[in-house]
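A.B. asks: Provided herewith: my_file.tsv, TSV, C-alpha atoms.
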```
chain	number	residue	atom	x	y	z
A	93	MET	CA	0.00	0.00	0.00
A	94	SER	CA	1.27	3.43	-0.97
A	95	ASP	CA	1.67	6.26	1.50
A	96	VAL	CA	1.00	8.73	-1.32
A	97	THR	CA	-2.35	10.49	-1.73
A	98	ASN	CA	-3.40	11.48	-5.24
A	99	ILE	CA	-5.61	14.52	-5.87
A	100	LEU	CA	-6.89	15.47	-9.30
A	101	LEU	CA	-8.32	18.98	-9.75
A	102	VAL	CA	-10.14	19.71	-13.01
A	103	GLY	CA	-12.04	22.63	-14.46
A	104	VAL	CA	-12.33	25.08	-17.29
A	105	GLY	CA	-9.87	27.86	-18.06
A	106	GLY	CA	-10.42	30.89	-15.86
A	107	GLN	CA	-11.93	29.04	-12.90
A	108	GLY	CA	-8.80	29.28	-10.74
A	109	THR	CA	-7.84	25.61	-10.69
A	110	ILE	CA	-4.13	26.36	-10.71
A	111	LEU	CA	-4.36	28.94	-7.90
A	112	VAL	CA	-6.15	26.40	-5.70
A	113	SER	CA	-3.52	23.78	-6.51
A	114	SER	CA	-0.80	26.23	-5.50
A	115	ILE	CA	-2.50	27.00	-2.17
A	116	LEU	CA	-3.01	23.28	-1.57
A	117	CYS	CA	0.65	22.48	-2.26
A	118	LYS	CA	1.89	25.24	0.04
A	119	GLY	CA	-0.29	23.98	2.87
A	120	LEU	CA	0.80	20.37	2.38
A	121	VAL	CA	4.49	21.36	2.32
A	122	GLU	CA	4.00	23.36	5.52
A	123	ALA	CA	2.42	20.26	7.08
A	124	GLY	CA	5.66	18.37	6.34
A	125	TYR	CA	4.63	16.31	3.31
A	126	ASP	CA	6.67	15.69	0.20
A	127	VAL	CA	4.51	17.23	-2.56
A	128	LYS	CA	4.59	17.07	-6.35
A	129	MET	CA	2.31	19.03	-8.68
A	130	SER	CA	1.71	18.90	-12.40
A	131	GLU	CA	-0.62	21.05	-14.47
A	132	VAL	CA	-2.04	20.87	-17.97
A	133	HIS	CA	-3.53	24.06	-19.36
A	134	GLY	CA	-4.78	22.75	-22.71
A	135	MET	CA	-6.90	25.43	-24.35
A	136	SER	CA	-7.51	27.10	-21.01
A	137	GLN	CA	-7.24	30.58	-22.50
A	138	ARG	CA	-10.30	29.73	-24.60
A	139	GLY	CA	-12.36	28.06	-21.89
A	140	GLY	CA	-10.89	24.62	-22.46
A	141	SER	CA	-10.13	21.92	-19.95
A	142	VAL	CA	-7.54	22.47	-17.21
A	143	SER	CA	-6.26	19.70	-14.98
A	144	THR	CA	-3.83	19.68	-12.09
A	145	THR	CA	-2.48	16.75	-10.14
A	146	VAL	CA	-1.24	17.06	-6.59
A	147	ARG	CA	0.45	14.07	-4.97
A	148	PHE	CA	1.60	14.12	-1.37
A	149	GLY	CA	3.00	11.74	1.20
A	150	GLU	CA	6.21	10.78	2.93
A	151	LYS	CA	8.10	10.38	-0.37
A	152	VAL	CA	6.65	11.23	-3.79
A	153	SER	CA	8.70	10.44	-6.86
A	154	SER	CA	6.43	11.72	-9.65
A	155	PRO	CA	3.59	14.24	-10.06
A	156	ILE	CA	1.72	12.04	-12.55
A	157	ILE	CA	-1.59	10.33	-11.75
A	158	GLY	CA	-2.71	7.61	-14.13
A	159	GLU	CA	-6.19	6.31	-14.81
A	160	GLY	CA	-7.74	4.66	-11.77
A	161	GLN	CA	-5.28	6.27	-9.32
A	162	ALA	CA	-6.93	9.43	-7.95
A	163	ASP	CA	-8.00	9.24	-4.31
A	164	ILE	CA	-10.12	12.35	-4.75
A	165	LEU	CA	-11.33	14.32	-7.75
A	166	VAL	CA	-12.23	17.98	-7.34
A	167	SER	CA	-14.19	19.28	-10.30
A	168	PHE	CA	-14.85	22.97	-10.70
A	169	GLU	CA	-17.50	22.20	-13.35
A	170	ALA	CA	-19.91	19.24	-13.58
A	171	MET	CA	-19.10	17.94	-17.08
A	172	GLU	CA	-15.35	18.03	-16.34
A	173	ALA	CA	-16.01	15.50	-13.55
A	174	LEU	CA	-17.53	13.16	-16.15
A	175	ARG	CA	-14.57	13.70	-18.47
A	176	TRP	CA	-12.08	12.70	-15.74
A	177	LEU	CA	-14.13	10.02	-13.94
A	178	ASN	CA	-11.94	7.19	-15.25
A	179	TYR	CA	-9.05	8.61	-13.20
A	180	VAL	CA	-10.69	7.92	-9.84
A	181	LYS	CA	-10.03	4.62	-8.13
A	182	PRO	CA	-12.60	2.43	-6.39
A	183	GLY	CA	-13.54	3.86	-3.01
A	184	SER	CA	-12.46	7.36	-3.98
A	185	LYS	CA	-14.39	10.59	-3.50
A	186	ILE	CA	-15.50	13.46	-5.70
A	187	VAL	CA	-16.09	17.07	-4.73
A	188	VAL	CA	-17.97	18.71	-7.59
A	189	ASN	CA	-19.22	22.21	-8.18
A	190	ASN	CA	-22.72	21.99	-9.64
A	191	LYS	CA	-21.74	24.75	-12.11
A	192	GLN	CA	-22.39	24.06	-15.79
A	193	ILE	CA	-20.22	25.75	-18.41
A	194	ALA	CA	-21.08	25.00	-22.02
A	195	SER	CA	-18.11	23.88	-24.13
A	196	ALA	CA	-17.50	25.11	-27.68
A	197	PRO	CA	-19.32	22.14	-29.31
A	198	ILE	CA	-22.34	22.78	-27.06
A	199	LEU	CA	-22.31	26.49	-27.86
A	200	ALA	CA	-22.10	25.65	-31.57
A	201	GLY	CA	-25.12	23.33	-31.30
A	202	LYS	CA	-23.09	20.22	-32.18
A	203	ALA	CA	-23.49	18.62	-28.75
A	204	SER	CA	-25.70	18.98	-25.72
A	205	TYR	CA	-24.86	19.27	-22.06
A	206	PRO	CA	-25.63	16.01	-20.20
A	207	ASP	CA	-28.82	16.43	-18.16
A	208	ASP	CA	-27.85	13.97	-15.48
A	209	ALA	CA	-24.13	14.62	-14.91
A	210	ILE	CA	-24.39	14.97	-11.12
A	211	ALA	CA	-26.77	12.01	-10.73
A	212	PHE	CA	-24.46	9.89	-12.88
A	213	LEU	CA	-21.49	10.74	-10.64
A	214	GLN	CA	-23.46	10.10	-7.44
A	215	GLY	CA	-24.44	6.67	-8.75
A	216	ARG	CA	-20.80	5.63	-9.12
A	217	VAL	CA	-18.66	7.45	-6.55
A	218	GLU	CA	-19.16	9.07	-3.14
A	219	THR	CA	-19.87	12.62	-4.30
A	220	ASP	CA	-20.14	15.93	-2.47
A	221	VAL	CA	-22.05	18.42	-4.59
A	222	ILE	CA	-21.16	22.00	-3.69
A	223	ASP	CA	-23.02	25.05	-4.94
A	224	ALA	CA	-19.85	27.12	-4.96
A	225	GLU	CA	-21.46	29.79	-7.12
A	226	ALA	CA	-24.25	30.44	-4.61
A	227	ILE	CA	-21.76	30.52	-1.74
A	228	ALA	CA	-19.49	32.92	-3.63
A	229	ARG	CA	-22.48	35.12	-4.50
A	230	GLU	CA	-23.38	35.33	-0.80
A	231	LEU	CA	-19.79	36.41	-0.11
A	232	GLY	CA	-20.08	39.11	-2.77
A	233	ASN	CA	-17.61	37.87	-5.40
A	234	LEU	CA	-18.18	35.01	-7.86
A	235	ARG	CA	-14.44	34.66	-8.46
A	236	CYS	CA	-13.90	32.94	-5.10
A	237	GLN	CA	-15.74	29.75	-6.11
A	238	ASN	CA	-12.38	28.02	-6.48
A	239	VAL	CA	-11.43	28.68	-2.85
A	240	VAL	CA	-14.87	27.49	-1.72
A	241	LEU	CA	-14.05	24.18	-3.42
A	242	LEU	CA	-10.61	24.13	-1.78
A	243	GLY	CA	-12.30	24.43	1.61
A	244	SER	CA	-14.56	21.51	0.75
A	245	LEU	CA	-11.56	19.45	-0.35
A	246	VAL	CA	-9.48	20.02	2.78
A	247	GLU	CA	-12.46	19.26	5.01
A	248	ARG	CA	-13.44	16.12	3.06
A	249	MET	CA	-9.86	14.81	3.23
A	250	GLY	CA	-9.43	15.65	6.91
A	251	LEU	CA	-6.48	17.94	6.24
A	252	THR	CA	-7.27	19.96	9.34
A	253	ASN	CA	-3.74	20.00	10.76
A	254	VAL	CA	-2.84	22.92	8.48
A	255	ASN	CA	-3.56	26.59	9.15
A	256	TRP	CA	-5.31	27.09	5.80
A	257	ASP	CA	-6.37	30.64	6.63
A	258	ASP	CA	-2.69	31.56	6.94
A	259	ILE	CA	-1.73	29.75	3.72
A	260	VAL	CA	-4.50	31.56	1.82
A	261	ALA	CA	-3.36	34.89	3.29
A	262	LYS	CA	0.22	34.21	2.14
A	263	THR	CA	-0.88	33.28	-1.39
A	264	VAL	CA	-3.62	35.62	-2.60
A	265	LYS	CA	-3.38	39.35	-3.20
A	266	LYS	CA	-3.72	41.41	-0.03
A	267	ALA	CA	-6.99	43.00	-1.15
A	268	PHE	CA	-8.61	39.57	-1.45
A	269	ILE	CA	-7.36	37.87	1.73
A	270	ASP	CA	-10.53	38.40	3.78
A	271	LEU	CA	-12.82	37.27	0.95
A	272	ASN	CA	-10.79	34.12	0.28
A	273	VAL	CA	-10.49	33.15	3.95
A	274	LYS	CA	-14.29	33.46	4.20
A	275	ALA	CA	-14.67	31.41	1.00
A	276	LEU	CA	-12.37	28.69	2.33
A	277	ASN	CA	-14.28	28.39	5.58
A	278	ALA	CA	-17.67	28.48	3.82
A	279	GLY	CA	-16.48	25.58	1.64
A	280	ARG	CA	-15.39	23.63	4.69
A	281	THR	CA	-18.82	24.13	6.26
A	282	ALA	CA	-20.65	23.24	3.02
A	283	VAL	CA	-19.15	19.76	2.83
A	284	LEU	CA	-20.24	18.98	6.39
A	285	HIS	CA	-23.93	19.38	5.51
```
So that I can check it, write out the structure of this file as C-alpha cells.
C.D. replies:
Amino acid sequence: MSDVTNILLVGVGGQGTILVSSILCKGLVEAGYDVKMSEVHGMSQRGGSVSTTVRFGEKVSSPIIGEGQADILVSFEAMEALRWLNYVKPGSKIVVNNKQIASAPILAGKASYPDDAIAFLQGRVETDVIDAEAIARELGNLRCQNVVLLGSLVERMGLTNVNWDDIVAKTVKKAFIDLNVKALNAGRTAVLH
C-alpha cells in the first residue's frame, strides 16, 4: 500500500484551478509532506479543460496520476467531472461544483450538455455536490468559487492539521485575503452538511 495520496483537480480555463492547486501544495508542504504538482492548461485561454495533479505523502517520486489512481477528484464544473471520472479509483471521492459551463461544441449546437451529470457521478462514486457559485455570490464575489471548493476538499480529506487561513493569506493578493479566507471556511462548512 502506498503512503502517497493522489488529488486530481479539473475545471475550465479561468476558474482558478491552478491557484487552488498552489494554495493546496503550500499547505501540504507546511504540514511536512513531500509534494509534487503537475498542471495541464490545454486550451484554457479559450475556456478549455484544465487539470492539475497534486500528490503528497512521505516520499513522492512523480507528479503524474494515471487512470484509476486518484484518491479524490475535485471538479470545478460538472461535465469536467464526467470527463475525468476514469481517473478515480474504487472507493475514492469526488467534490464537484454543480456549475455548468457550455463547451465550444455545445455552444455551436453540435453537442448537448448532459442532463444527469451529477446524478451519474453520485451513482458511481461518493460525491459531495457544492453550490460554490451560490456561496461565492453570498460572499459578494463570484471569483472565489475556487477557494470554496478548496475548503470543501481540505475538510473532506481531513487535512485539518494545516492553518489554511494563513496559507491563503500568504498566497492571494492582499486586497482579497478576507474574501478568500471566508470562502475557504464556507467551503469547509458546506461539505459537512
A.B. asks: Atom CA of A:Thr145 and atom CA of A:Ser244 are how many Å apart?
C.D. replies: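 Between these atoms lies a distance of 16.9 Å.
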A.B. asks: Just the residues within 12 Å of A:Arg229, please, counting all atoms listed in the file, with nothing from its chain fewer than 4 positions along; format it as a VMD selection string.
C.D. replies: chain A and resid 223 to 225 233 to 237 240 271 275 278
A.B. asks: Produce a table with one row for each residue of stretch 206-254 of chain A that has an atom at most 10 Å from any atom of stretch 156-178 of chain A, each row naming the nearest atom pair and its distance in Å at one decimal; use all atoms listed in the file; arrange rows by chain and rising residue number; format as JSON lines.
C.D. replies:
```
{"residue": "A:Pro206", "atom": "CA", "partner": "A:Met171", "partner_atom": "CA", "distance": 7.5}
{"residue": "A:Asp207", "atom": "CA", "partner": "A:Met171", "partner_atom": "CA", "distance": 9.9}
{"residue": "A:Asp208", "atom": "CA", "partner": "A:Ala170", "partner_atom": "CA", "distance": 9.7}
{"residue": "A:Ala209", "atom": "CA", "partner": "A:Ala170", "partner_atom": "CA", "distance": 6.4}
{"residue": "A:Ile210", "atom": "CA", "partner": "A:Ala170", "partner_atom": "CA", "distance": 6.7}
{"residue": "A:Phe212", "atom": "CA", "partner": "A:Leu174", "partner_atom": "CA", "distance": 8.3}
{"residue": "A:Leu213", "atom": "CA", "partner": "A:Leu174", "partner_atom": "CA", "distance": 7.2}
{"residue": "A:Arg216", "atom": "CA", "partner": "A:Leu177", "partner_atom": "CA", "distance": 9.3}
{"residue": "A:Val217", "atom": "CA", "partner": "A:Leu177", "partner_atom": "CA", "distance": 9.0}
{"residue": "A:Glu218", "atom": "CA", "partner": "A:Ile164", "partner_atom": "CA", "distance": 9.8}
{"residue": "A:Thr219", "atom": "CA", "partner": "A:Leu165", "partner_atom": "CA", "distance": 9.4}
{"residue": "A:Asp220", "atom": "CA", "partner": "A:Val166", "partner_atom": "CA", "distance": 9.5}
{"residue": "A:Val221", "atom": "CA", "partner": "A:Ala170", "partner_atom": "CA", "distance": 9.3}
{"residue": "A:Ile222", "atom": "CA", "partner": "A:Phe168", "partner_atom": "CA", "distance": 9.5}
{"residue": "A:Ala224", "atom": "CA", "partner": "A:Phe168", "partner_atom": "CA", "distance": 8.7}
{"residue": "A:Gln237", "atom": "CA", "partner": "A:Phe168", "partner_atom": "CA", "distance": 8.2}
{"residue": "A:Asn238", "atom": "CA", "partner": "A:Phe168", "partner_atom": "CA", "distance": 7.0}
{"residue": "A:Leu241", "atom": "CA", "partner": "A:Phe168", "partner_atom": "CA", "distance": 7.4}
{"residue": "A:Leu242", "atom": "CA", "partner": "A:Val166", "partner_atom": "CA", "distance": 8.4}
{"residue": "A:Ser244", "atom": "CA", "partner": "A:Val166", "partner_atom": "CA", "distance": 9.1}
{"residue": "A:Leu245", "atom": "CA", "partner": "A:Val166", "partner_atom": "CA", "distance": 7.2}
{"residue": "A:Arg248", "atom": "CA", "partner": "A:Ile164", "partner_atom": "CA", "distance": 9.3}
{"residue": "A:Met249", "atom": "CA", "partner": "A:Ile164", "partner_atom": "CA", "distance": 8.4}
```
A.B. asks: Suppose you want the space between atom CA of A:Leu100 and atom CA of A:Ser143; what is it in Å?
C.D. replies: 7.1 Å
A.B. asks: Which value, in Å to one decimal, gives the distance between atom CA of A:Ala123 and atom CA of A:Leu276?
C.D. replies: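 The value is 17.7 Å.
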A.B. asks: Using only C-alpha atoms, can you tell me which of A:Thr263, A:Lys185, A:Asn255, A:Phe148 comes closest to A:Ser114?
C.D. replies: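 Going through A:Thr263, A:Lys185, A:Asn255, A:Phe148 one by one, the smallest distance to A:Ser114 is for A:Thr263.
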A.B. asks: Go through A:Ser130, A:Gln192, A:Ser154, A:Thr252 and flag the residue nearest A:Gly103, using only C-alpha atoms for the distances.
C.D. replies: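 Distance minimum relative to A:Gly103 lands on A:Gln192.
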A.B. asks: Just want the 12 Å neighbourhood of A:Leu120, counted on only C-alpha atoms, with same-chain residues fewer than 2 positions away dropped. Output as a PyMOL selection string.
C.D. replies: chain A and resi 97+99+113-118+122-129+146-150+246+251-256+259
A.B. asks: Would you give the centre and edge lengths, in Å to one decimal, of a box along x, y and z around the listed atoms of stretch 146-157 of chain A, with 5 Å added to each side, as lines of an AutoDock Vina configuration file?
C.D. replies:
```
center_x = 3.6
center_y = 13.7
center_z = -4.8
size_x = 20.3
size_y = 16.7
size_z = 25.5
```
A.B. asks: Closest to A:Gln214 among A:Val187, A:Leu231, A:Val152, A:Ala226, using all atoms listed in the file?
C.D. replies: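 That would be A:Val187, the residue with the smallest distance to A:Gln214.
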A.B. asks: Pick out the closest residue to A:Glu131 from this set: A:Asn272, A:Gly119, A:Gly108, A:Pro155. Count only C-alpha atoms.
C.D. replies: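 Closest to A:Glu131 of all the choices is A:Pro155.
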A.B. asks: Could stretch 146-174 of chain A be completed with N, CA and C atoms and returned as a PDB file, in the frame of the given file?
C.D. replies:
```
ATOM      1  N   VAL A 146      -2.020  16.799  -7.794  1.00  0.00           N
ATOM      2  CA  VAL A 146      -1.240  17.060  -6.590  1.00  0.00           C
ATOM      3  C   VAL A 146      -1.087  15.713  -5.893  1.00  0.00           C
ATOM      4  N   ARG A 147       0.160  15.322  -5.669  1.00  0.00           N
ATOM      5  CA  ARG A 147       0.450  14.070  -4.970  1.00  0.00           C
ATOM      6  C   ARG A 147       1.254  14.420  -3.727  1.00  0.00           C
ATOM      7  N   PHE A 148       0.866  13.830  -2.597  1.00  0.00           N
ATOM      8  CA  PHE A 148       1.600  14.120  -1.370  1.00  0.00           C
ATOM      9  C   PHE A 148       1.702  12.879  -0.499  1.00  0.00           C
ATOM     10  N   GLY A 149       2.750  12.861   0.296  1.00  0.00           N
ATOM     11  CA  GLY A 149       3.000  11.740   1.200  1.00  0.00           C
ATOM     12  C   GLY A 149       4.380  11.870   1.808  1.00  0.00           C
ATOM     13  N   GLU A 150       4.875  10.761   2.334  1.00  0.00           N
ATOM     14  CA  GLU A 150       6.210  10.780   2.930  1.00  0.00           C
ATOM     15  C   GLU A 150       7.282  10.972   1.871  1.00  0.00           C
ATOM     16  N   LYS A 151       7.145  10.263   0.739  1.00  0.00           N
ATOM     17  CA  LYS A 151       8.100  10.380  -0.370  1.00  0.00           C
ATOM     18  C   LYS A 151       7.332  10.207  -1.669  1.00  0.00           C
ATOM     19  N   VAL A 152       7.347  11.257  -2.503  1.00  0.00           N
ATOM     20  CA  VAL A 152       6.650  11.230  -3.790  1.00  0.00           C
ATOM     21  C   VAL A 152       7.687  11.355  -4.883  1.00  0.00           C
ATOM     22  N   SER A 153       7.674  10.412  -5.826  1.00  0.00           N
ATOM     23  CA  SER A 153       8.700  10.440  -6.860  1.00  0.00           C
ATOM     24  C   SER A 153       8.237  11.081  -8.167  1.00  0.00           C
ATOM     25  N   SER A 154       6.935  11.174  -8.391  1.00  0.00           N
ATOM     26  CA  SER A 154       6.430  11.720  -9.650  1.00  0.00           C
ATOM     27  C   SER A 154       5.123  12.472  -9.417  1.00  0.00           C
ATOM     28  N   PRO A 155       4.852  13.513 -10.210  1.00  0.00           N
ATOM     29  CA  PRO A 155       3.590  14.240 -10.060  1.00  0.00           C
ATOM     30  C   PRO A 155       2.439  13.632 -10.867  1.00  0.00           C
ATOM     31  N   ILE A 156       2.701  12.580 -11.615  1.00  0.00           N
ATOM     32  CA  ILE A 156       1.720  12.040 -12.550  1.00  0.00           C
ATOM     33  C   ILE A 156       0.750  11.074 -11.870  1.00  0.00           C
ATOM     34  N   ILE A 157      -0.529  11.242 -12.198  1.00  0.00           N
ATOM     35  CA  ILE A 157      -1.590  10.330 -11.750  1.00  0.00           C
ATOM     36  C   ILE A 157      -2.153   9.665 -12.990  1.00  0.00           C
ATOM     37  N   GLY A 158      -2.163   8.341 -13.000  1.00  0.00           N
ATOM     38  CA  GLY A 158      -2.710   7.610 -14.130  1.00  0.00           C
ATOM     39  C   GLY A 158      -4.184   7.290 -13.918  1.00  0.00           C
ATOM     40  N   GLU A 159      -4.794   6.706 -14.916  1.00  0.00           N
ATOM     41  CA  GLU A 159      -6.190   6.310 -14.810  1.00  0.00           C
ATOM     42  C   GLU A 159      -6.365   5.341 -13.639  1.00  0.00           C
ATOM     43  N   GLY A 160      -7.441   5.527 -12.897  1.00  0.00           N
ATOM     44  CA  GLY A 160      -7.740   4.660 -11.770  1.00  0.00           C
ATOM     45  C   GLY A 160      -6.875   4.890 -10.549  1.00  0.00           C
ATOM     46  N   GLN A 161      -6.202   6.037 -10.438  1.00  0.00           N
ATOM     47  CA  GLN A 161      -5.280   6.270  -9.320  1.00  0.00           C
ATOM     48  C   GLN A 161      -5.653   7.421  -8.402  1.00  0.00           C
ATOM     49  N   ALA A 162      -6.607   8.270  -8.784  1.00  0.00           N
ATOM     50  CA  ALA A 162      -6.930   9.430  -7.950  1.00  0.00           C
ATOM     51  C   ALA A 162      -7.727   9.021  -6.718  1.00  0.00           C
ATOM     52  N   ASP A 163      -7.267   9.473  -5.556  1.00  0.00           N
ATOM     53  CA  ASP A 163      -8.000   9.240  -4.310  1.00  0.00           C
ATOM     54  C   ASP A 163      -9.188  10.184  -4.192  1.00  0.00           C
ATOM     55  N   ILE A 164      -9.038  11.368  -4.773  1.00  0.00           N
ATOM     56  CA  ILE A 164     -10.120  12.350  -4.750  1.00  0.00           C
ATOM     57  C   ILE A 164     -10.038  13.191  -6.015  1.00  0.00           C
ATOM     58  N   LEU A 165     -11.199  13.467  -6.577  1.00  0.00           N
ATOM     59  CA  LEU A 165     -11.330  14.320  -7.750  1.00  0.00           C
ATOM     60  C   LEU A 165     -12.102  15.556  -7.325  1.00  0.00           C
ATOM     61  N   VAL A 166     -11.536  16.714  -7.597  1.00  0.00           N
ATOM     62  CA  VAL A 166     -12.230  17.980  -7.340  1.00  0.00           C
ATOM     63  C   VAL A 166     -12.514  18.585  -8.703  1.00  0.00           C
ATOM     64  N   SER A 167     -13.804  18.742  -9.006  1.00  0.00           N
ATOM     65  CA  SER A 167     -14.190  19.280 -10.300  1.00  0.00           C
ATOM     66  C   SER A 167     -14.871  20.620 -10.122  1.00  0.00           C
ATOM     67  N   PHE A 168     -14.337  21.615 -10.796  1.00  0.00           N
ATOM     68  CA  PHE A 168     -14.850  22.970 -10.700  1.00  0.00           C
ATOM     69  C   PHE A 168     -16.065  23.171 -11.609  1.00  0.00           C
ATOM     70  N   GLU A 169     -16.394  22.153 -12.409  1.00  0.00           N
ATOM     71  CA  GLU A 169     -17.500  22.200 -13.350  1.00  0.00           C
ATOM     72  C   GLU A 169     -17.999  20.771 -13.537  1.00  0.00           C
ATOM     73  N   ALA A 170     -19.312  20.579 -13.619  1.00  0.00           N
ATOM     74  CA  ALA A 170     -19.910  19.240 -13.580  1.00  0.00           C
ATOM     75  C   ALA A 170     -19.455  18.328 -14.722  1.00  0.00           C
ATOM     76  N   MET A 171     -19.454  18.815 -15.959  1.00  0.00           N
ATOM     77  CA  MET A 171     -19.100  17.940 -17.080  1.00  0.00           C
ATOM     78  C   MET A 171     -17.624  17.542 -17.033  1.00  0.00           C
ATOM     79  N   GLU A 172     -16.765  18.391 -16.471  1.00  0.00           N
ATOM     80  CA  GLU A 172     -15.350  18.030 -16.340  1.00  0.00           C
ATOM     81  C   GLU A 172     -15.203  16.809 -15.420  1.00  0.00           C
ATOM     82  N   ALA A 173     -16.065  16.692 -14.417  1.00  0.00           N
ATOM     83  CA  ALA A 173     -16.010  15.500 -13.550  1.00  0.00           C
ATOM     84  C   ALA A 173     -16.297  14.249 -14.361  1.00  0.00           C
ATOM     85  N   LEU A 174     -17.242  14.308 -15.287  1.00  0.00           N
ATOM     86  CA  LEU A 174     -17.530  13.160 -16.150  1.00  0.00           C
ATOM     87  C   LEU A 174     -16.329  12.832 -17.035  1.00  0.00           C
TER      88      LEU A 174
END
```
